[in-house]
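S.K.: What follows is the file target-v9.cif, containing mmCIF, C-alpha atoms:
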```cif
data_model
#
loop_
_atom_site.label_atom_id
_atom_site.label_comp_id
_atom_site.auth_asym_id
_atom_site.auth_seq_id
_atom_site.Cartn_x
_atom_site.Cartn_y
_atom_site.Cartn_z
CA MET A 286 72.69 35.49 55.19
CA THR A 287 69.55 37.14 56.55
CA PHE A 288 66.20 35.38 56.23
CA ARG A 289 64.18 37.61 53.88
CA SER A 290 60.41 38.13 53.68
CA TRP A 291 58.96 39.48 50.44
CA PHE A 292 55.53 41.14 50.20
CA PHE A 293 53.56 40.94 46.99
CA THR A 294 50.13 41.28 45.52
CA GLU A 295 49.11 40.02 42.10
CA MET A 296 47.26 43.32 41.66
CA PRO A 297 43.89 41.67 40.96
CA TYR A 298 40.86 43.32 39.43
CA PRO A 299 38.25 41.84 41.80
CA ASP A 300 35.00 43.32 40.44
CA LEU A 301 33.92 40.35 38.37
CA PRO A 302 30.57 39.45 36.80
CA PRO A 303 28.68 36.50 38.33
CA ASP A 304 30.52 33.22 37.84
CA GLY A 305 27.93 31.78 35.44
CA GLU A 306 28.32 34.68 33.03
CA PHE A 307 31.87 33.89 31.93
CA GLU A 308 33.76 30.74 30.99
CA SER A 309 37.25 31.79 31.98
CA MET A 310 38.86 34.59 33.92
CA ARG A 311 41.90 34.27 31.68
CA VAL A 312 42.22 34.76 27.92
CA THR A 313 38.55 35.36 27.03
CA LEU A 314 37.05 37.58 29.76
CA PRO A 315 36.08 40.75 27.82
CA SER A 316 38.08 43.81 28.78
CA ARG A 317 34.84 45.82 29.03
CA VAL A 318 34.64 44.31 32.53
CA PHE A 319 37.60 46.53 33.47
CA ASP A 320 36.56 50.01 34.58
CA PRO A 321 39.58 52.30 34.06
CA VAL A 322 38.52 54.66 36.84
CA ARG A 323 38.27 51.77 39.28
CA GLY A 324 41.51 50.40 37.88
CA ALA A 325 43.35 53.65 38.60
CA GLU A 326 42.15 53.49 42.21
CA LEU A 327 43.38 49.91 42.51
CA TYR A 328 46.83 50.68 41.08
CA GLU A 329 47.16 53.51 43.61
CA ARG A 330 46.23 51.09 46.42
CA TYR A 331 48.73 48.48 45.27
CA PHE A 332 51.68 50.86 45.04
CA ASP A 333 50.71 52.33 48.43
CA LEU A 334 50.86 48.80 49.86
CA TYR A 335 54.33 48.29 48.39
CA ARG A 336 55.48 51.53 50.03
CA THR A 337 53.93 50.34 53.31
CA ALA A 338 55.87 47.07 53.08
CA ASP A 339 59.09 48.94 52.32
CA ALA A 340 58.61 51.27 55.29
CA ALA A 341 57.91 48.26 57.53
CA GLY A 342 61.20 46.61 56.60
CA LEU A 343 59.97 43.95 54.18
CA ASP A 344 61.32 43.28 50.71
CA VAL A 345 58.90 43.39 47.77
CA MET A 346 58.13 41.29 44.73
CA VAL A 347 56.19 41.89 41.52
CA ASN A 348 54.98 39.49 38.85
CA GLU A 349 53.00 39.74 35.64
CA HIS A 350 50.25 37.92 33.78
CA HIS A 351 48.34 38.69 30.63
CA ALA A 352 44.72 38.83 29.45
CA THR A 353 43.42 38.15 32.95
CA ALA A 354 41.64 39.84 35.84
CA THR A 355 43.74 37.89 38.36
CA CYS A 356 46.72 40.17 37.72
CA VAL A 357 46.50 43.59 36.11
CA ASP A 358 50.24 44.04 36.41
CA ALA A 359 50.56 43.24 32.73
CA CYS A 360 54.08 44.68 32.49
CA ALA A 361 56.10 43.95 35.61
CA PRO A 362 59.16 45.93 34.42
CA LEU A 363 56.99 49.07 34.57
CA ALA A 364 55.93 48.25 38.13
CA LEU A 365 59.56 47.52 39.01
CA ALA A 366 60.63 50.90 37.63
CA ILE A 367 58.00 52.69 39.72
CA LEU A 368 59.08 50.82 42.85
CA ALA A 369 62.75 51.49 42.14
CA ARG A 370 61.91 55.17 42.60
CA GLU A 371 59.16 55.01 45.25
CA THR A 372 60.79 52.59 47.70
CA LYS A 373 63.94 53.32 49.67
CA HIS A 374 65.23 50.18 51.34
CA ALA A 375 63.52 47.01 50.05
CA ARG A 376 65.15 44.55 47.73
CA LEU A 377 63.01 44.48 44.57
CA LEU A 378 62.32 41.09 43.01
CA ILE A 379 60.65 40.69 39.63
CA LEU A 380 59.42 37.11 39.29
CA GLY A 381 59.39 37.47 36.58
CA ASN A 382 60.16 38.24 33.00
CA PRO A 383 58.40 35.79 30.60
CA VAL A 384 61.30 35.83 28.15
CA SER A 385 59.97 32.90 26.09
CA ASN A 386 57.08 35.14 25.05
CA ARG A 387 59.15 38.20 24.18
CA GLU A 388 60.92 38.77 20.89
CA GLU A 389 63.81 40.88 22.20
CA PRO A 390 65.82 39.57 25.17
CA ILE A 391 68.15 42.54 24.86
CA ARG A 392 65.24 44.87 25.62
CA VAL A 393 64.64 42.87 28.83
CA ALA A 394 68.33 43.26 29.71
CA GLU A 395 68.08 47.02 29.19
CA GLU A 396 64.91 47.33 31.27
CA MET A 397 66.39 45.43 34.19
CA ALA A 398 69.68 47.33 34.01
CA MET A 399 67.85 50.66 34.10
CA CYS A 400 65.76 49.58 37.11
CA ASP A 401 68.89 48.33 38.87
CA VAL A 402 70.60 51.69 38.43
CA ILE A 403 67.53 53.73 39.48
CA SER A 404 67.23 51.62 42.66
CA ARG A 405 71.00 51.83 43.30
CA GLY A 406 71.43 48.09 43.13
CA ARG A 407 68.32 46.72 44.86
CA VAL A 408 66.90 44.72 41.94
CA GLU A 409 66.76 40.91 41.78
CA VAL A 410 65.81 39.45 38.41
CA GLY A 411 63.58 36.42 37.93
CA PHE A 412 62.78 34.71 34.65
CA VAL A 413 59.65 32.66 33.95
CA ARG A 414 58.58 30.52 31.01
CA GLY A 415 54.98 31.72 31.29
CA VAL A 416 51.84 29.83 32.26
CA PRO A 417 50.14 27.61 29.65
CA GLN A 418 47.03 29.78 29.36
CA GLU A 419 49.20 32.60 28.00
CA ILE A 420 50.32 30.57 24.99
CA SER A 421 47.34 31.75 22.93
CA PRO A 422 47.59 35.48 23.71
CA SER A 423 51.35 35.50 23.08
CA ASN A 424 51.08 33.32 19.94
CA VAL A 425 54.26 31.37 20.66
CA ASN A 426 55.13 27.77 19.86
CA PRO A 427 54.82 25.80 23.14
CA VAL A 428 57.15 23.06 21.85
CA LEU A 429 60.07 25.49 21.65
CA MET A 430 59.37 27.56 24.75
CA LYS A 431 61.97 25.96 27.01
CA GLU A 432 64.68 26.19 24.38
CA ARG A 433 63.82 29.86 23.76
CA PHE A 434 63.70 30.49 27.49
CA TRP A 435 67.19 29.29 28.33
CA GLU A 436 68.74 30.84 25.23
CA ALA A 437 67.15 34.19 26.13
CA VAL A 438 68.42 33.93 29.72
CA ASP A 439 71.97 33.13 28.59
CA LEU A 440 71.91 36.01 26.10
CA ILE A 441 70.76 38.45 28.81
CA VAL A 442 73.47 37.33 31.23
CA GLN A 443 76.14 37.71 28.55
CA SER A 444 74.81 41.16 27.66
CA TRP A 445 75.24 42.27 31.28
CA THR A 446 78.73 40.83 31.70
CA SER A 447 80.22 41.91 28.34
CA ILE A 448 81.28 45.47 29.16
CA ASP A 449 84.18 46.01 26.75
CA GLY A 450 82.19 46.65 23.60
CA PRO A 451 79.65 44.96 21.34
CA PHE A 452 79.31 41.25 20.63
CA ASN A 453 77.15 39.37 18.13
CA TRP A 454 74.77 36.54 19.05
CA GLU A 455 73.74 33.87 16.56
CA GLY A 456 71.58 31.35 18.41
CA ASP A 457 68.87 28.89 17.48
CA HIS A 458 66.08 31.31 18.37
CA PHE A 459 67.61 34.76 18.72
CA HIS A 460 69.94 36.73 16.49
CA ALA A 461 71.44 39.97 17.74
CA ARG A 462 74.10 42.24 16.28
CA GLN A 463 76.20 44.78 18.14
CA VAL A 464 74.90 43.85 21.58
CA ASN A 465 76.10 46.60 23.92
CA VAL A 466 73.66 47.21 26.77
CA TRP A 467 73.41 50.73 28.15
CA PRO A 468 73.03 51.47 31.00
CA ARG A 469 75.33 48.99 32.64
CA VAL A 470 73.84 47.13 35.61
CA TYR A 471 74.55 48.64 39.02
CA GLN A 472 75.34 45.29 40.70
CA GLN A 473 78.41 43.49 39.44
CA PRO A 474 78.69 41.22 37.59
CA HIS A 475 74.86 41.28 37.48
CA PRO A 476 71.83 41.29 39.80
CA PRO A 477 70.88 38.05 41.61
CA MET A 478 69.01 35.68 39.31
CA TRP A 479 65.87 33.69 40.16
CA ILE A 480 63.82 30.91 38.57
CA PRO A 481 60.40 29.73 39.85
CA THR A 482 59.36 26.20 38.97
CA GLN A 483 57.29 23.12 39.60
CA SER A 484 59.38 21.11 37.12
CA ALA A 485 62.36 18.86 37.92
CA SER A 486 64.06 19.71 34.61
CA THR A 487 63.97 23.40 35.45
CA VAL A 488 65.49 22.63 38.85
CA VAL A 489 68.46 21.03 37.07
CA GLU A 490 69.05 24.08 34.85
CA ALA A 491 68.71 26.48 37.79
CA ALA A 492 71.11 24.44 39.91
CA ASP A 493 73.72 24.28 37.16
CA ARG A 494 73.61 28.07 36.78
CA GLY A 495 73.44 28.80 40.51
CA PHE A 496 70.18 30.74 40.18
CA ASN A 497 67.91 31.13 43.19
CA LEU A 498 65.06 28.60 43.09
CA ALA A 499 61.51 29.60 44.04
CA VAL A 500 58.82 26.99 44.64
CA ILE A 501 55.24 28.26 44.39
CA LEU A 502 52.28 26.89 46.37
CA ASN A 503 53.63 23.33 46.30
CA GLY A 504 53.07 22.61 49.97
CA HIS A 505 55.68 20.98 52.18
CA ASP A 506 55.94 17.74 50.23
CA GLY A 507 56.41 19.40 46.85
CA ALA A 508 58.80 22.03 48.21
CA ARG A 509 60.92 19.40 49.93
CA ARG A 510 61.23 17.40 46.69
CA MET A 511 62.27 20.45 44.68
CA PHE A 512 64.75 21.69 47.26
CA GLU A 513 66.28 18.22 47.60
CA ALA A 514 66.57 17.91 43.80
CA TYR A 515 68.36 21.27 43.67
CA ARG A 516 70.79 20.27 46.42
CA GLN A 517 71.40 16.86 44.85
CA ARG A 518 72.13 18.32 41.43
CA ARG A 519 74.68 20.75 42.86
CA LEU A 520 76.32 17.85 44.70
CA GLU A 521 76.41 15.60 41.62
CA GLN A 522 78.00 18.34 39.51
CA GLY A 523 80.65 19.11 42.10
CA LEU A 524 79.35 22.65 42.52
CA ALA A 525 79.36 24.77 45.65
CA PRO A 526 76.89 23.55 48.29
CA VAL A 527 73.46 25.18 48.32
CA MET A 528 73.05 28.11 50.68
CA GLU A 529 69.61 28.74 52.15
CA HIS A 530 69.42 32.19 50.53
CA GLN A 531 69.30 30.38 47.16
CA LEU A 532 65.95 28.77 48.04
CA ALA A 533 62.53 30.42 48.30
CA TYR A 534 58.97 29.39 48.95
CA LEU A 535 55.78 31.26 48.02
CA GLY A 536 52.64 30.98 50.12
CA LEU A 537 49.63 33.02 51.20
CA VAL A 538 50.15 34.88 54.49
CA PHE A 539 47.82 36.78 56.78
CA VAL A 540 48.59 37.85 60.34
CA GLY A 541 45.82 39.05 62.66
CA GLU A 542 45.66 40.43 66.16
CA ASP A 543 43.42 37.50 67.11
CA ASP A 544 42.12 34.32 65.50
CA ALA A 545 38.87 35.90 64.29
CA GLN A 546 40.68 38.72 62.53
CA ALA A 547 43.17 36.27 61.00
CA GLN A 548 40.43 34.00 59.68
CA ALA A 549 38.56 36.95 58.17
CA GLY A 550 41.69 38.09 56.37
CA ALA A 551 42.48 34.57 55.19
CA ARG A 552 39.03 34.26 53.65
CA GLN A 553 39.72 37.39 51.62
CA LEU A 554 43.05 35.94 50.50
CA GLN A 555 41.21 32.85 49.27
CA TRP A 556 39.72 35.01 46.52
CA TYR A 557 42.83 34.23 44.47
CA LEU A 558 42.33 30.49 44.80
CA GLN A 559 38.57 30.39 44.41
CA ASN A 560 38.21 32.77 41.47
CA ASN A 561 41.11 31.60 39.32
CA LYS A 562 38.78 30.12 36.73
CA VAL A 563 40.40 28.97 33.47
CA ALA A 564 38.69 27.23 30.57
CA PRO A 565 40.19 23.73 30.07
CA GLN A 566 41.19 24.35 26.44
CA PHE A 567 43.84 26.83 27.65
CA LEU A 568 45.43 24.64 30.30
CA ASN A 569 47.29 22.00 28.32
CA PRO A 570 48.45 23.25 24.89
CA PRO A 571 50.24 20.47 22.97
CA GLY A 572 53.97 20.62 23.54
CA TYR A 573 53.91 22.76 26.66
CA GLN A 574 54.18 19.82 29.06
CA PRO A 575 56.55 16.85 28.66
CA PRO A 576 54.69 13.59 27.89
CA ALA A 577 55.01 12.27 31.45
CA LEU A 578 53.13 15.27 32.81
CA ARG A 579 50.72 15.63 29.91
CA ALA A 580 49.31 12.09 30.10
CA PRO A 581 47.50 12.49 33.47
CA ILE A 582 45.89 15.73 32.26
CA LEU A 583 44.62 14.04 29.09
CA ALA A 584 43.28 11.16 31.16
CA ALA A 585 41.36 13.60 33.36
CA GLU A 586 39.94 15.30 30.28
CA ALA A 587 38.79 11.92 28.92
CA ARG A 588 36.96 11.25 32.19
CA GLY A 589 35.26 14.63 31.93
CA THR A 590 37.07 15.87 35.02
CA ALA A 591 39.43 18.34 33.39
CA LEU A 592 40.79 20.84 35.85
CA GLY A 593 39.34 24.33 35.49
CA SER A 594 42.17 26.18 37.17
CA PRO A 595 45.97 25.93 37.35
CA ILE A 596 45.50 25.52 41.11
CA ALA A 597 42.29 23.48 40.98
CA ASP A 598 43.45 20.90 43.52
CA ILE A 599 43.27 23.57 46.24
CA LEU A 600 40.28 25.43 44.81
CA ASN A 601 37.85 24.23 47.45
CA ALA A 602 40.25 23.52 50.31
CA THR A 603 39.43 25.03 53.67
CA ILE A 604 41.76 27.46 55.38
CA ASP A 605 42.75 24.79 57.90
CA GLU A 606 43.55 22.36 55.08
CA LEU A 607 45.66 24.97 53.30
CA VAL A 608 47.56 25.67 56.52
CA ASP A 609 48.10 21.95 57.12
CA ARG A 610 49.51 21.54 53.61
CA GLY A 611 51.84 24.52 53.95
CA MET A 612 50.16 26.66 51.29
CA MET A 613 48.82 29.28 53.69
CA PHE A 614 50.22 30.69 56.93
CA VAL A 615 47.43 32.27 58.98
CA GLY A 616 46.81 33.33 62.55
CA THR A 617 48.15 35.50 65.33
CA PRO A 618 51.88 36.35 65.19
CA ASP A 619 52.76 33.43 67.45
CA ALA A 620 50.70 31.01 65.34
CA VAL A 621 52.28 32.18 62.09
CA ILE A 622 55.77 31.93 63.59
CA GLU A 623 55.02 28.35 64.61
CA GLN A 624 53.55 27.43 61.21
CA ILE A 625 56.46 28.84 59.22
CA THR A 626 59.04 27.35 61.58
CA ARG A 627 57.46 23.91 61.25
CA PHE A 628 57.32 24.26 57.46
CA HIS A 629 60.95 25.43 57.33
CA GLU A 630 62.08 22.35 59.25
CA ARG A 631 59.96 19.96 57.20
CA VAL A 632 61.37 21.09 53.83
CA GLY A 633 65.00 21.22 54.98
CA GLY A 634 65.35 24.98 55.19
CA PHE A 635 65.15 27.98 52.85
CA GLY A 636 66.12 31.63 53.05
CA ASN A 637 63.27 33.52 51.38
CA LEU A 638 59.54 33.59 52.05
CA LEU A 639 57.53 35.11 49.19
CA MET A 640 54.22 36.23 50.68
CA MET A 641 50.98 36.92 48.86
CA MET A 642 49.44 39.11 51.56
CA HIS A 643 46.67 40.74 49.54
CA GLY A 644 43.86 39.29 47.47
CA GLY A 645 40.47 40.09 46.05
CA HIS A 646 38.61 42.99 47.68
CA MET A 647 40.97 43.28 50.67
CA ASP A 648 41.27 46.97 51.53
CA HIS A 649 44.42 48.93 52.32
CA ASP A 650 43.99 49.05 56.09
CA THR A 651 43.34 45.31 56.43
CA THR A 652 46.45 44.46 54.42
CA ALA A 653 48.56 47.12 56.12
CA ARG A 654 47.72 45.77 59.58
CA SER A 655 48.82 42.30 58.51
CA ILE A 656 52.04 43.71 57.03
CA ASP A 657 52.76 45.62 60.24
CA LEU A 658 52.16 42.61 62.51
CA TYR A 659 54.32 40.40 60.34
CA ALA A 660 57.14 42.95 60.15
CA ARG A 661 57.11 43.80 63.88
CA GLU A 662 56.57 40.38 65.42
CA VAL A 663 56.97 37.54 62.92
CA GLN A 664 59.99 38.55 60.82
CA PRO A 665 62.32 39.25 63.79
CA ALA A 666 61.52 35.87 65.31
CA LEU A 667 62.12 34.04 62.04
CA ARG A 668 65.38 35.87 61.44
CA ALA A 669 66.58 34.99 64.92
CA ALA A 670 65.69 31.33 64.31
CA PHE A 671 66.89 30.90 60.73
CA THR A 672 69.75 33.33 60.11
CA GLY A 673 73.16 31.75 60.33
#
```
Turn the structure described in the file into structure tokens.

M.R.:
Amino acid sequence: MTFRSWFFTEMPYPDLPPDGEFESMRVTLPSRVFDPVRGAELYERYFDLYRTADAAGLDVMVNEHHATATCVDACAPLALAILARETKHARLLILGNPVSNREEPIRVAEEMAMCDVISRGRVEVGFVRGVPQEISPSNVNPVLMKERFWEAVDLIVQSWTSIDGPFNWEGDHFHARQVNVWPRVYQQPHPPMWIPTQSASTVVEAADRGFNLAVILNGHDGARRMFEAYRQRRLEQGLAPVMEHQLAYLGLVFVGEDDAQAQAGARQLQWYLQNNKVAPQFLNPPGYQPPALRAPILAAEARGTALGSPIADILNATIDELVDRGMMFVGTPDAVIEQITRFHERVGGFGNLLMMMHGGHMDHDTTARSIDLYAREVQPALRAAFTG
């Protein structure tokens, strides 16, 4: 299988008030901060960047978040539908659909099937549980989210693969009569399935189902643990060995013509890390985390050191520290090739690099130059090194 590189932007709204004027970028930041005229300009920029990545030979990825300026792609299926029409060659990954927060899994199945047909079979479908700070806006029970998640996923898969007429579904969380999804998915039996995670229990479920596993900003140590757990679970269950195309890693990537240009671009990418401010009351809703993970968070809160961001441990890291930890790949083409190659070896291999290549106020030309350098010089070298 070919080593694949996926471009994405979280579509941020970067024009924020001064930091001291708001408690949290997520959940409570008033929507009056959003200027619709400016927002329209930004959406145009973001879809232009996706077309640029497609033309350069990269694949593309979209995600969604809610009630936040970090990501104004509030409905990733809409973005996916636009890209299904506006791109020509790229695989299109949605990572993903927060099915625990949605009432109708069948509607998700229909949306993805329609996008798959419009794109003529280029869609790859990811499912996410949803971040903890979106519990309040979605008004769901965090205790039941994982159960709802996997039941929704199983219902969607069955809806795509049952093509001989309706079936009924009577589950613990969803009840559906006369399930008969039109249109039928283009790819048979269904598009490739993805799950992102930082949780060992999710790794087990993904491995059992054979879904692609994506590890997000975990660095080399965290990625290695997750990939090894996935491989071990497949081995224990007597399932087919893991292929590298089933594993993915997400990091921040900027390629410059020289070190100065690369560092300047990397500093703009850091906007995502340094401005992801979340009030502590939204980070650890009871029931969202299993007790083993919840206890350290409560202990930090008791010490008055509660984390103010879902990525707070890298909030103030330098670019060099982020590169050393495998969370950012930055430099000239040769430097980025070396960094990714070293990371690939350290974690035991993977077949997909998910690349946040835009952040904050980064303009089109700056991002496009990085995309072009990566596509022309970095991706061919990585494919030559990693493709079996």

S.K.: Hey, can you check how far atom CA of A:Asp320 sits from atom CA of A:Gln559?

M.R.: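 We find that atom CA of A:Asp320 and atom CA of A:Gln559 lie 22.0 Å from each other.
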
S.K.: Between A:Met296, A:Val345, A:Val438, A:Leu365, which residue has the minimum interatomic distance to A:Met647, considering all atoms listed in the file?

M.R.: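 Once distances to A:Met647 are computed over all atoms listed in the file, the minimum belongs to A:Met296.
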
S.K.: Run the PyMOL selection byres ((chain A and resi 611) around 7) against the file shown and list the residues it catches, as a PyMOL selection string.

M.R.: chain A and resi 504-505+607-610+612-613+628

S.K.: Given the PyMOL selection byres ((chain A and resi 337) around 10) and the file above, list the residues it selects as number ranges by chain.

M.R.: A: 292, 331-336, 338-343, 372, 649, 652-654, 656-657

S.K.: Return as a compact mmCIF listing (two decimals) with C-alpha atoms, in the coordinates of the input the set of residues that the PyMOL selection byres ((chain A and resi 570) around 9) yields on the displayed structure.

M.R.:
```txt
# COMPACT_ATOMS: atom_id res chain seq x y z
CA PRO A 417 50.14 27.61 29.65
CA GLN A 418 47.03 29.78 29.36
CA ILE A 420 50.32 30.57 24.99
CA SER A 421 47.34 31.75 22.93
CA PRO A 427 54.82 25.80 23.14
CA GLN A 566 41.19 24.35 26.44
CA PHE A 567 43.84 26.83 27.65
CA LEU A 568 45.43 24.64 30.30
CA ASN A 569 47.29 22.00 28.32
CA PRO A 571 50.24 20.47 22.97
CA GLY A 572 53.97 20.62 23.54
CA TYR A 573 53.91 22.76 26.66
CA GLN A 574 54.18 19.82 29.06
```

S.K.: Using only C-alpha atoms, which residue out of A:Arg509, A:Lys373, A:His629, A:Arg392 lies closest to A:Ile441?

M.R.: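 Smallest separation from A:Ile441 among the options: A:Arg392.
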
S.K.: A:Gln483: which residues within 10 Å, counting only C-alpha atoms, same-chain residues fewer than 6 positions away excluded, as a list in words?

M.R.: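 Selected residues are Ala499, Val500, Ile501, Leu502, Asn503, Gly507, Ala508, Arg510 and Met511 of chain A.
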
S.K.: What's the 12 Å shell around A:Tyr328, counting only C-alpha atoms, without same-chain residues fewer than 5 positions away, as an MDAnalysis selection string?

M.R.: chainID A and resid 294:298 321:323 333:335 356:359 364 367 649

S.K.: Atoms to include: C-alpha atoms. Write the selected residues as a tab-separated table (two decimals), in the frame of the given file.

M.R.:
```tsv
chain	number	residue	atom	x	y	z
A	294	THR	CA	50.13	41.28	45.52
A	295	GLU	CA	49.11	40.02	42.10
A	296	MET	CA	47.26	43.32	41.66
A	297	PRO	CA	43.89	41.67	40.96
A	298	TYR	CA	40.86	43.32	39.43
A	321	PRO	CA	39.58	52.30	34.06
A	322	VAL	CA	38.52	54.66	36.84
A	323	ARG	CA	38.27	51.77	39.28
A	333	ASP	CA	50.71	52.33	48.43
A	334	LEU	CA	50.86	48.80	49.86
A	335	TYR	CA	54.33	48.29	48.39
A	356	CYS	CA	46.72	40.17	37.72
A	357	VAL	CA	46.50	43.59	36.11
A	358	ASP	CA	50.24	44.04	36.41
A	359	ALA	CA	50.56	43.24	32.73
A	364	ALA	CA	55.93	48.25	38.13
A	367	ILE	CA	58.00	52.69	39.72
A	649	HIS	CA	44.42	48.93	52.32
```

S.K.: With distances taken over all atoms listed in the file, which residue among A:His475, A:His350, A:Arg668, A:His374 lies nearest A:Val413?

M.R.: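 Among the listed residues, the smallest separation from A:Val413 belongs to A:His350.
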
S.K.: Under the rule that all atoms listed in the file are counted, which of A:Trp435, A:Phe452, A:Tyr471, A:Phe293 is the nearest residue to A:Met399?

M.R.: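 The shortest atom-to-atom distance to A:Met399 comes from A:Tyr471.
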
S.K.: Using all atoms listed in the file, which residue out of A:His530, A:Glu432, A:Asp605, A:Val393 lies closest to A:Gln548?

M.R.: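 Distance minimum relative to A:Gln548 lands on A:Asp605.
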
S.K.: Provide the atom CA of A:Glu419 to atom CA of A:Ser309 distance in Å, to one decimal place.

M.R.: 12.6 Å

S.K.: Of the residues A:Gln522, A:Thr353, A:Gln555, A:Asn497, which is the one nearest to A:Thr482, using all atoms listed in the file?

M.R.: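 The answer is A:Asn497, which sits nearest to A:Thr482.
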